Amino acid sequence: MANKKAQTKNKQSAPKKQHTPDYFPVQRNIALGVDGGSLNGTLVGDTGKLLSITNRRLYRYGKMYEIKIDLDVDVTVGIDTEVEVYALANIWDVQRAYALAKKTYDEAYQDERATLSGNQSRWEDFRIDHGVNGAATLDPVTFDRDTLASSVRNEGEHDLSIVDENGVGHSFTWGSPVGNQLGVISEWDKAGNVSADPESISTTAPYAGVNSDQLSSVEATALGQRGNLPPYAQGTSGDIYVRVASLYHKPGATGMSRLSTGFFPASCGLFLLKTNSALSTGSVRLTVKSGDYKGVMALDMAQELEE
């Protein structure tokens, strides 16, 4: 009897399992804004970053996301409004240029990973600069729980990835490289991807000098610092681009409008907006298609490291 009472007591004191919902919680519709500014000129959005900040979990850069852009102008806007939408193209050169850059990055850090296995950034992610000159960065917009006033959230760590080339840290860019940058498209060209066979032979190695070392203090430091903070708030608070569409709202005599692009693929989740006039915060919205990657539709651009 004593054993039976003890078992009953232990059974009653066992903690209950946390309730599990019948759905995966994810916010896929995100109003867009610019921290400290308006939606004006050339603007660049990173779908993975926007999802990370909004949902407080890591959404990786190296994915082809299915997204759509909607124009949601205020009813009081009385002038013709136009927003051109561009995306990093879903083409072979873009995919293979990304894969080559990712492979080079992974190989550059092999020795550091083996040596510093207990001192690696938890939220490390391979990230490439968009390379569009003068583009402002888009961030998610949230609404105050008491007043519904809008605010732009620019939180978390989203550092560009670097590798060591001759003792100097170099980042990656989709644009024309300047200074300490490596152009992923130009480096892909060096790999001989468009060379005739056998008339033209590439004599320039891609990413020459990056992996000439064994252990590198530059890469060891970067491995511990770049990504050691989460890509969202630490505490709870509340040529390679393709033109997708031109959204417009013309309230004048013509009374014409096109308010949505429909869903389209965005390599690495990158998209660009060009406006003909300044729009208020939240006048453009991003929606990511539902899927099985943490609640959204996203395919790997290249083989990912195991998480």
# chains A, B, ... in the order shown; residues from 1 in each chain; ligands from 1

call {"tool": "select_by_dssp", "arguments": {"residues": "stretch 56-255 of chain A", "states": "helix (DSSP H, G or I)", "output": "VMD selection string"}}
result
chain A and resid 92 to 108 110 to 115 184 to 190 217 to 225

call {"tool": "closest_atom_pairs", "arguments": {"of": "stretch 115-172 of chain A", "to": "stretch 35-38 of chain A", "cutoff": "7 Å", "atoms": "only C-alpha atoms", "output": "Markdown table"}}
result
| residue | atom | partner | partner_atom | distance |
| --- | --- | --- | --- | --- |
| A:Asp139 | CA | A:Asp35 | CA | 6.9 |
| A:Val152 | CA | A:Asp35 | CA | 5.6 |
| A:Asn154 | CA | A:Asp35 | CA | 6.7 |

call {"tool": "write_last_selection", "arguments": {"atoms": "C-alpha atoms", "output": "PDB file, in the first residue's frame"}}
result
ATOM      1  CA  ASP A 139      12.140  47.149 -41.611  1.00  0.00           C
ATOM      2  CA  VAL A 152       9.431  50.787 -37.196  1.00  0.00           C
ATOM      3  CA  ASN A 154      15.111  47.807 -36.408  1.00  0.00           C
TER       4      ASN A 154
END

call {"tool": "closest_atom_pairs", "arguments": {"of": "stretch 5-94 of chain A", "to": "stretch 270-282 of chain A", "cutoff": "7 Å", "atoms": "only C-alpha atoms", "output": "Markdown table"}}
result
| residue | atom | partner | partner_atom | distance |
| --- | --- | --- | --- | --- |
| A:Ala31 | CA | A:Gly282 | CA | 4.8 |
| A:Leu32 | CA | A:Gly282 | CA | 5.0 |
| A:Gly33 | CA | A:Thr281 | CA | 4.8 |
| A:Ser38 | CA | A:Ser280 | CA | 5.8 |
| A:Leu39 | CA | A:Leu279 | CA | 4.9 |
| A:Asn40 | CA | A:Ala278 | CA | 4.4 |
| A:Gly41 | CA | A:Thr275 | CA | 5.2 |
| A:Thr42 | CA | A:Lys274 | CA | 4.6 |
| A:Leu43 | CA | A:Leu273 | CA | 5.0 |
| A:Val44 | CA | A:Leu272 | CA | 4.5 |
| A:Gly45 | CA | A:Phe271 | CA | 5.3 |
| A:Asp46 | CA | A:Leu270 | CA | 4.9 |
| A:Thr47 | CA | A:Leu270 | CA | 6.3 |
| A:Thr81 | CA | A:Asn276 | CA | 6.6 |
| A:Glu82 | CA | A:Asn276 | CA | 5.7 |
| A:Val83 | CA | A:Thr275 | CA | 4.6 |
| A:Glu84 | CA | A:Lys274 | CA | 5.0 |
| A:Val85 | CA | A:Leu273 | CA | 4.9 |
| A:Tyr86 | CA | A:Leu272 | CA | 4.9 |
| A:Ala87 | CA | A:Phe271 | CA | 4.2 |
| A:Leu88 | CA | A:Leu270 | CA | 5.7 |

call {"tool": "residues_around", "arguments": {"residues": "A:Ser290", "least_positions_apart": "2", "cutoff": "12 Å", "atoms": "only C-alpha atoms", "output": "PyMOL selection string"}}
result
chain A and resi 23-29+65-68+263+287-288+292-298

call {"tool": "closest_residue", "arguments": {"among": "A:Thr142, A:Ala266, A:Pro231, A:Val218", "to": "A:Leu58", "atoms": "only C-alpha atoms"}}
result
A:Pro231

call {"tool": "closest_atom_pairs", "arguments": {"of": "stretch 130-181 of chain A", "to": "stretch 94-102 of chain A", "cutoff": "12 Å", "atoms": "only C-alpha atoms", "output": "CSV"}}
result
residue,atom,partner,partner_atom,distance
A:Ser161,CA,A:Lys102,CA,10.0
A:Ile162,CA,A:Ala101,CA,10.8
A:Val163,CA,A:Ala101,CA,10.4
A:Ser171,CA,A:Ala101,CA,10.5
A:Phe172,CA,A:Ala101,CA,7.9
A:Thr173,CA,A:Ala101,CA,9.9
A:Trp174,CA,A:Val94,CA,9.1
A:Gly175,CA,A:Val94,CA,11.9

call {"tool": "write_last_selection", "arguments": {"atoms": "C-alpha atoms", "output": "PDB file, in the first residue's frame"}}
result
ATOM      1  CA  SER A 161      29.650  37.511 -43.434  1.00  0.00           C
ATOM      2  CA  ILE A 162      33.397  37.923 -43.886  1.00  0.00           C
ATOM      3  CA  VAL A 163      36.372  35.745 -44.837  1.00  0.00           C
ATOM      4  CA  SER A 171      32.601  40.695 -47.115  1.00  0.00           C
ATOM      5  CA  PHE A 172      30.470  39.456 -50.021  1.00  0.00           C
ATOM      6  CA  THR A 173      28.292  41.593 -52.310  1.00  0.00           C
ATOM      7  CA  TRP A 174      25.813  41.073 -55.134  1.00  0.00           C
ATOM      8  CA  GLY A 175      26.913  44.397 -56.619  1.00  0.00           C
TER       9      GLY A 175
END

call {"tool": "atom_distance", "arguments": {"atom1": "atom CA of A:Lys250", "atom2": "atom CA of A:Asp80"}}
result
4.5 Å

call {"tool": "closest_residue", "arguments": {"among": "A:Ile30, A:Leu138, A:Leu50, A:Cys268", "to": "A:Tyr241", "atoms": "only C-alpha atoms"}}
result
A:Cys268

call {"tool": "atom_distance", "arguments": {"atom1": "atom CA of A:Ser52", "atom2": "atom CA of A:Gln120"}}
result
19.9 Å

call {"tool": "closest_residue", "arguments": {"among": "A:Gly62, A:Gly78, A:Gly167, A:Pro21", "to": "A:Ser216", "atoms": "only C-alpha atoms"}}
result
A:Gly167

call {"tool": "closest_residue", "arguments": {"among": "A:Gly227, A:Leu247, A:Leu215, A:Val284", "to": "A:Arg113", "atoms": "only C-alpha atoms"}}
result
A:Leu215
